[in-house]
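Visitor: Input structure: query.txt, which contains compact mmCIF, C-alpha atoms.
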# COMPACT_ATOMS: atom_id res chain seq x y z
CA MET G 1 0.00 0.00 0.00
CA THR G 2 1.30 3.44 -0.88
CA LYS G 3 -0.03 6.58 0.73
CA SER G 4 1.12 10.16 0.91
CA THR G 5 2.54 11.10 4.31
CA LYS G 6 0.11 14.01 4.59
CA ASP G 7 -2.78 11.53 4.30
CA ALA G 8 -1.40 9.02 6.85
CA ASN G 9 -1.67 9.16 10.62
CA MET G 10 0.54 7.68 13.33
CA ASN G 11 -1.73 4.69 14.01
CA GLU G 12 -1.75 3.72 10.31
CA LEU G 13 2.05 3.90 10.16
CA ILE G 14 2.43 1.74 13.25
CA ALA G 15 -0.07 -0.81 11.95
CA ALA G 16 1.81 -0.96 8.63
CA MET G 17 5.13 -1.55 10.44
CA VAL G 18 4.00 -4.16 12.98
CA GLY G 19 1.23 -5.80 10.99
CA ARG G 20 -1.59 -5.00 13.41
CA SER G 21 -3.23 -2.10 15.15
CA LEU G 22 -1.70 -0.94 18.39
CA ASP G 23 -4.63 0.85 19.93
CA ASN G 24 -3.18 0.53 23.41
CA ARG G 25 0.44 1.64 22.88
CA PHE G 26 0.77 3.05 26.37
CA PRO G 27 -1.38 0.86 28.62
CA PRO G 28 -2.13 2.14 32.10
CA VAL G 29 0.40 1.05 34.68
CA ASP G 30 -1.25 -1.07 37.31
CA ASN G 31 1.88 -2.39 38.99
CA THR G 32 2.22 -1.43 42.62
CA PRO G 33 5.70 -2.23 43.95
CA GLY G 34 5.70 -4.60 46.89
CA ASP G 35 8.03 -5.00 49.83
CA VAL G 36 11.74 -4.22 49.72
CA ILE G 37 13.61 -7.27 48.37
CA LEU G 38 17.11 -5.77 48.05
CA SER G 39 18.46 -3.23 50.48
CA ILE G 40 21.92 -1.69 50.18
CA GLN G 41 22.84 0.21 53.33
CA ASN G 42 25.83 2.53 53.74
CA LEU G 43 28.02 0.52 51.34
CA SER G 44 31.63 1.69 50.95
CA THR G 45 34.59 0.11 49.17
CA LYS G 46 38.00 -0.38 50.72
CA PHE G 47 40.25 0.26 47.72
CA GLU G 48 40.33 2.72 44.82
CA PRO G 49 38.09 3.88 43.38
CA HIS G 50 36.27 4.53 46.62
CA LEU G 51 32.52 4.38 46.94
CA GLN G 52 31.26 6.03 50.10
CA ASP G 53 28.02 5.46 51.97
CA VAL G 54 25.83 4.17 49.10
CA SER G 55 22.27 3.27 50.12
CA PHE G 56 19.15 2.31 48.16
CA ASP G 57 16.22 -0.12 48.23
CA VAL G 58 14.66 -2.14 45.42
CA LYS G 59 11.06 -3.25 45.84
CA GLU G 60 9.44 -6.37 44.47
CA GLY G 61 7.89 -5.70 41.06
CA GLU G 62 10.00 -2.60 40.52
CA ILE G 63 12.27 -2.12 37.52
CA PHE G 64 15.52 -0.77 38.89
CA GLY G 65 18.21 0.74 36.71
CA LEU G 66 21.67 1.91 37.60
CA TYR G 67 23.34 4.39 35.30
CA GLY G 68 26.04 7.02 35.22
CA LEU G 69 29.05 8.26 33.32
CA VAL G 70 32.21 6.20 32.94
CA GLY G 71 34.04 6.37 36.25
CA ALA G 72 30.91 7.14 38.28
CA GLY G 73 31.17 3.85 40.18
CA ARG G 74 28.40 1.71 38.64
CA THR G 75 30.65 -1.27 37.99
CA GLU G 76 32.43 -0.91 41.32
CA LEU G 77 29.11 -0.83 43.17
CA LEU G 78 27.82 -4.02 41.52
CA GLU G 79 31.17 -5.78 41.97
CA THR G 80 31.11 -4.86 45.67
CA ILE G 81 27.56 -6.18 46.12
CA PHE G 82 28.58 -9.39 44.30
CA GLY G 83 31.72 -9.86 46.44
CA VAL G 84 34.31 -9.23 43.73
CA ARG G 85 35.55 -5.98 45.32
CA THR G 86 36.46 -5.53 48.97
CA ARG G 87 33.72 -3.93 51.04
CA ALA G 88 34.95 -1.52 53.71
CA ALA G 89 31.56 -0.92 55.33
CA GLY G 90 27.86 -1.36 54.80
CA ARG G 91 25.36 -4.14 54.47
CA VAL G 92 23.55 -5.93 51.68
CA TYR G 93 20.18 -7.51 52.48
CA PHE G 94 18.20 -9.74 50.14
CA ASN G 95 14.72 -10.73 51.37
CA ASN G 96 15.70 -9.45 54.82
CA ARG G 97 18.73 -11.78 54.97
CA LEU G 98 22.22 -10.36 55.33
CA MET G 99 24.20 -11.13 52.15
CA ASN G 100 27.60 -9.50 52.65
CA PHE G 101 29.42 -11.66 50.13
CA SER G 102 33.20 -11.88 50.43
CA SER G 103 33.64 -13.63 47.07
CA ALA G 104 31.86 -14.26 43.78
CA LYS G 105 31.74 -17.95 44.70
CA GLU G 106 29.78 -17.14 47.85
CA ALA G 107 27.35 -14.94 45.86
CA MET G 108 26.79 -17.72 43.31
CA GLU G 109 26.16 -20.24 46.10
CA HIS G 110 23.25 -18.00 47.16
CA GLY G 111 21.81 -17.90 43.62
CA PHE G 112 23.24 -14.54 42.54
CA ALA G 113 24.75 -14.02 39.09
CA MET G 114 26.56 -11.07 37.54
CA ILE G 115 27.04 -10.35 33.86
CA THR G 116 30.20 -8.33 33.46
CA GLU G 117 30.22 -5.01 31.67
CA GLU G 118 33.15 -6.12 29.52
CA ARG G 119 32.10 -9.68 28.72
CA LYS G 120 34.93 -10.28 26.27
CA ALA G 121 37.59 -9.15 28.73
CA ASN G 122 36.07 -10.40 32.00
CA GLY G 123 33.43 -12.95 31.10
CA LEU G 124 35.21 -15.41 28.82
CA PHE G 125 38.33 -17.52 28.77
CA LEU G 126 39.37 -16.60 25.23
CA LYS G 127 41.99 -19.35 25.05
CA GLY G 128 39.39 -21.90 26.15
CA ASP G 129 36.96 -23.58 23.80
CA LEU G 130 33.14 -23.46 23.90
CA THR G 131 32.96 -26.51 26.15
CA PHE G 132 35.33 -25.02 28.72
CA ASN G 133 33.56 -21.63 28.74
CA THR G 134 30.09 -23.14 29.19
CA THR G 135 31.08 -25.52 32.00
CA ILE G 136 33.67 -23.49 33.95
CA ALA G 137 31.19 -22.24 36.57
CA ASN G 138 30.29 -25.79 37.64
CA LEU G 139 33.46 -27.80 37.19
CA GLN G 140 32.69 -30.06 40.18
CA GLN G 141 29.78 -31.54 38.18
CA TYR G 142 32.18 -32.72 35.48
CA MET G 143 34.69 -34.51 37.65
CA SER G 144 35.49 -38.14 37.08
CA GLY G 145 37.66 -39.18 39.99
CA ILE G 146 40.31 -36.50 40.37
CA ALA G 147 40.19 -35.31 36.74
CA LEU G 148 37.69 -33.49 34.56
CA SER G 149 35.64 -35.66 32.23
CA ASP G 150 35.74 -34.30 28.67
CA ALA G 151 32.80 -36.56 27.79
CA LYS G 152 30.61 -35.09 30.58
CA MET G 153 31.58 -31.54 29.63
CA ILE G 154 30.89 -32.08 25.92
CA LYS G 155 27.53 -33.73 26.68
CA ALA G 156 26.51 -30.80 28.91
CA THR G 157 27.57 -28.25 26.31
CA SER G 158 25.57 -29.83 23.50
CA LYS G 159 22.60 -30.87 25.69
CA GLY G 160 20.33 -27.89 24.96
CA ASN G 161 20.97 -27.91 21.21
CA LYS G 162 18.56 -30.43 19.65
CA ASN G 163 19.96 -29.94 16.15
CA HIS G 164 23.59 -30.06 17.27
CA ALA G 165 24.33 -27.47 14.60
CA TYR G 166 27.77 -26.81 16.04
CA GLN G 167 30.70 -29.06 16.73
CA VAL G 168 32.27 -29.05 20.18
CA TYR G 169 36.02 -29.49 20.15
CA GLY G 170 38.07 -30.60 23.08
CA PRO G 171 41.58 -29.40 23.95
CA GLY G 172 44.31 -29.68 21.36
Hey, can you dump this file as structure tokens for me?

Guide:
Amino acid sequence: MTKSTKDANMNELIAAMVGRSLDNRFPPVDNTPGDVILSIQNLSTKFEPHLQDVSFDVKEGEIFGLYGLVGAGRTELLETIFGVRTRAAGRVYFNNRLMNFSSAKEAMEHGFAMITEERKANGLFLKGDLTFNTTIANLQQYMSGIALSDAKMIKATSKGNKNHAYQVYGPG
């Protein structure tokens, strides 16, 4: 269908782009945030760059975003909550339970996960293959005696792919 822009309205343009009418583009918000599920209280870091006395609450059902310029401390704050950076003071509560993690391992044991800002630099073992990178977080599951089982790791890596469209290579 071709139409002059002066004869078209916004709803017609949207319908042409998405294939249906979007009469309710901005539905009323009916979400009422619940109780506080994450509470950061007076958090400070020990080493440079220093974060001092950071506090905030996140409520259930709330969308929480953290933003700022490079160097503002976003990454440092999240790494401190997750236990990667050394906390000098403050407390982290999740569902009213104290969660002052001292390591990433401890945070993961409590069900927390962190996606790094620089995934290529901090989130992958670039010299490792696909199998190694997808199983590294749970190596204990792939032990066979005192050694890692390549067969278990390869099976776990290809498990979710029904078509097995990729080949998994082991070391070497």

Visitor: Between CA of Asn24 (chain G) and CA of Asn9 (chain G), what is the spacing in Å?

Guide: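 CA of Asn9 (chain G) sits 15.5 Å away from CA of Asn24 (chain G).
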
Visitor: How many Å separate CA of Val54 (chain G) from CA of Gly71 (chain G)?

Guide: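 Going from CA of Val54 (chain G) over to CA of Gly71 (chain G) covers 15.4 Å.
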
Visitor: So, with all atoms listed in the file as the atoms that count, which of G:Asn122, G:Thr45, G:Phe26, G:Ala16 lies closest to Lys3 (chain G)?

Guide: G:Ala16

Visitor: Separation of CA of Glu106 (chain G) and CA of Asp150 (chain G), in Å?

Guide: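 Separating CA of Glu106 (chain G) from CA of Asp150 (chain G) is a distance of 26.4 Å.
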
Visitor: Nearest residue to Leu78 (chain G) out of G:Met108, G:Ile40, G:Leu98, G:Ala151, using all atoms listed in the file?

Guide: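 Result for the nearest residue to Leu78 (chain G): G:Ile40.
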
Visitor: With distances taken over all atoms listed in the file, which residue among G:Phe101, G:Phe94, G:Phe56, G:Phe125 lies nearest Glu79 (chain G)?

Guide: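 Nearest to Glu79 (chain G): G:Phe101.
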
Visitor: Which neighbours of Leu77 (chain G) fall inside 9 Å, counting all atoms listed in the file, when residues of the same chain fewer than 4 positions from it are skipped, and could you give them as JSON, numbers by chain?

Guide: {"G": [43, 44, 45, 51, 54, 73, 81, 82, 85]}

Visitor: Need the neighbours of (22.6, -5.8, 51.7): which residues are at most 8 Å away, counting only C-alpha atoms, as a list in words?

Guide: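 Residues with an atom close enough to that point: Leu38, Ser39, Ile40, Gln41, Ile81, Gly90, Arg91, Val92, Tyr93, Phe94, Arg97, Leu98, Met99 and Asn100 of chain G.
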
Visitor: Within 8 Å of (14.1, -7.6, 46.8) (file coordinates; all atoms listed in the file), which protein or nucleic acid residues are there? I'd like them as a list in words.

Guide: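 Within the cut-off we find Asp35, Val36, Ile37, Leu38, Ser39, Asp57, Val58, Lys59, Glu60, Phe94 and Asn95 of chain G.
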
Visitor: Which residue, G:Asp30, G:Glu76, G:Glu62, G:Asp7, has the smallest gap to Pro49 (chain G) when you use only C-alpha atoms?

Guide: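 Of G:Asp30, G:Glu76, G:Glu62, G:Asp7, the one nearest Pro49 (chain G), counting only C-alpha atoms, is G:Glu76.
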
Visitor: Go through G:Asn31, G:Leu69, G:Met153, G:Gly128 and flag the residue nearest Gln140 (chain G), using only C-alpha atoms for the distances.

Guide: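 Of all the options, G:Met153 lies closest to Gln140 (chain G).
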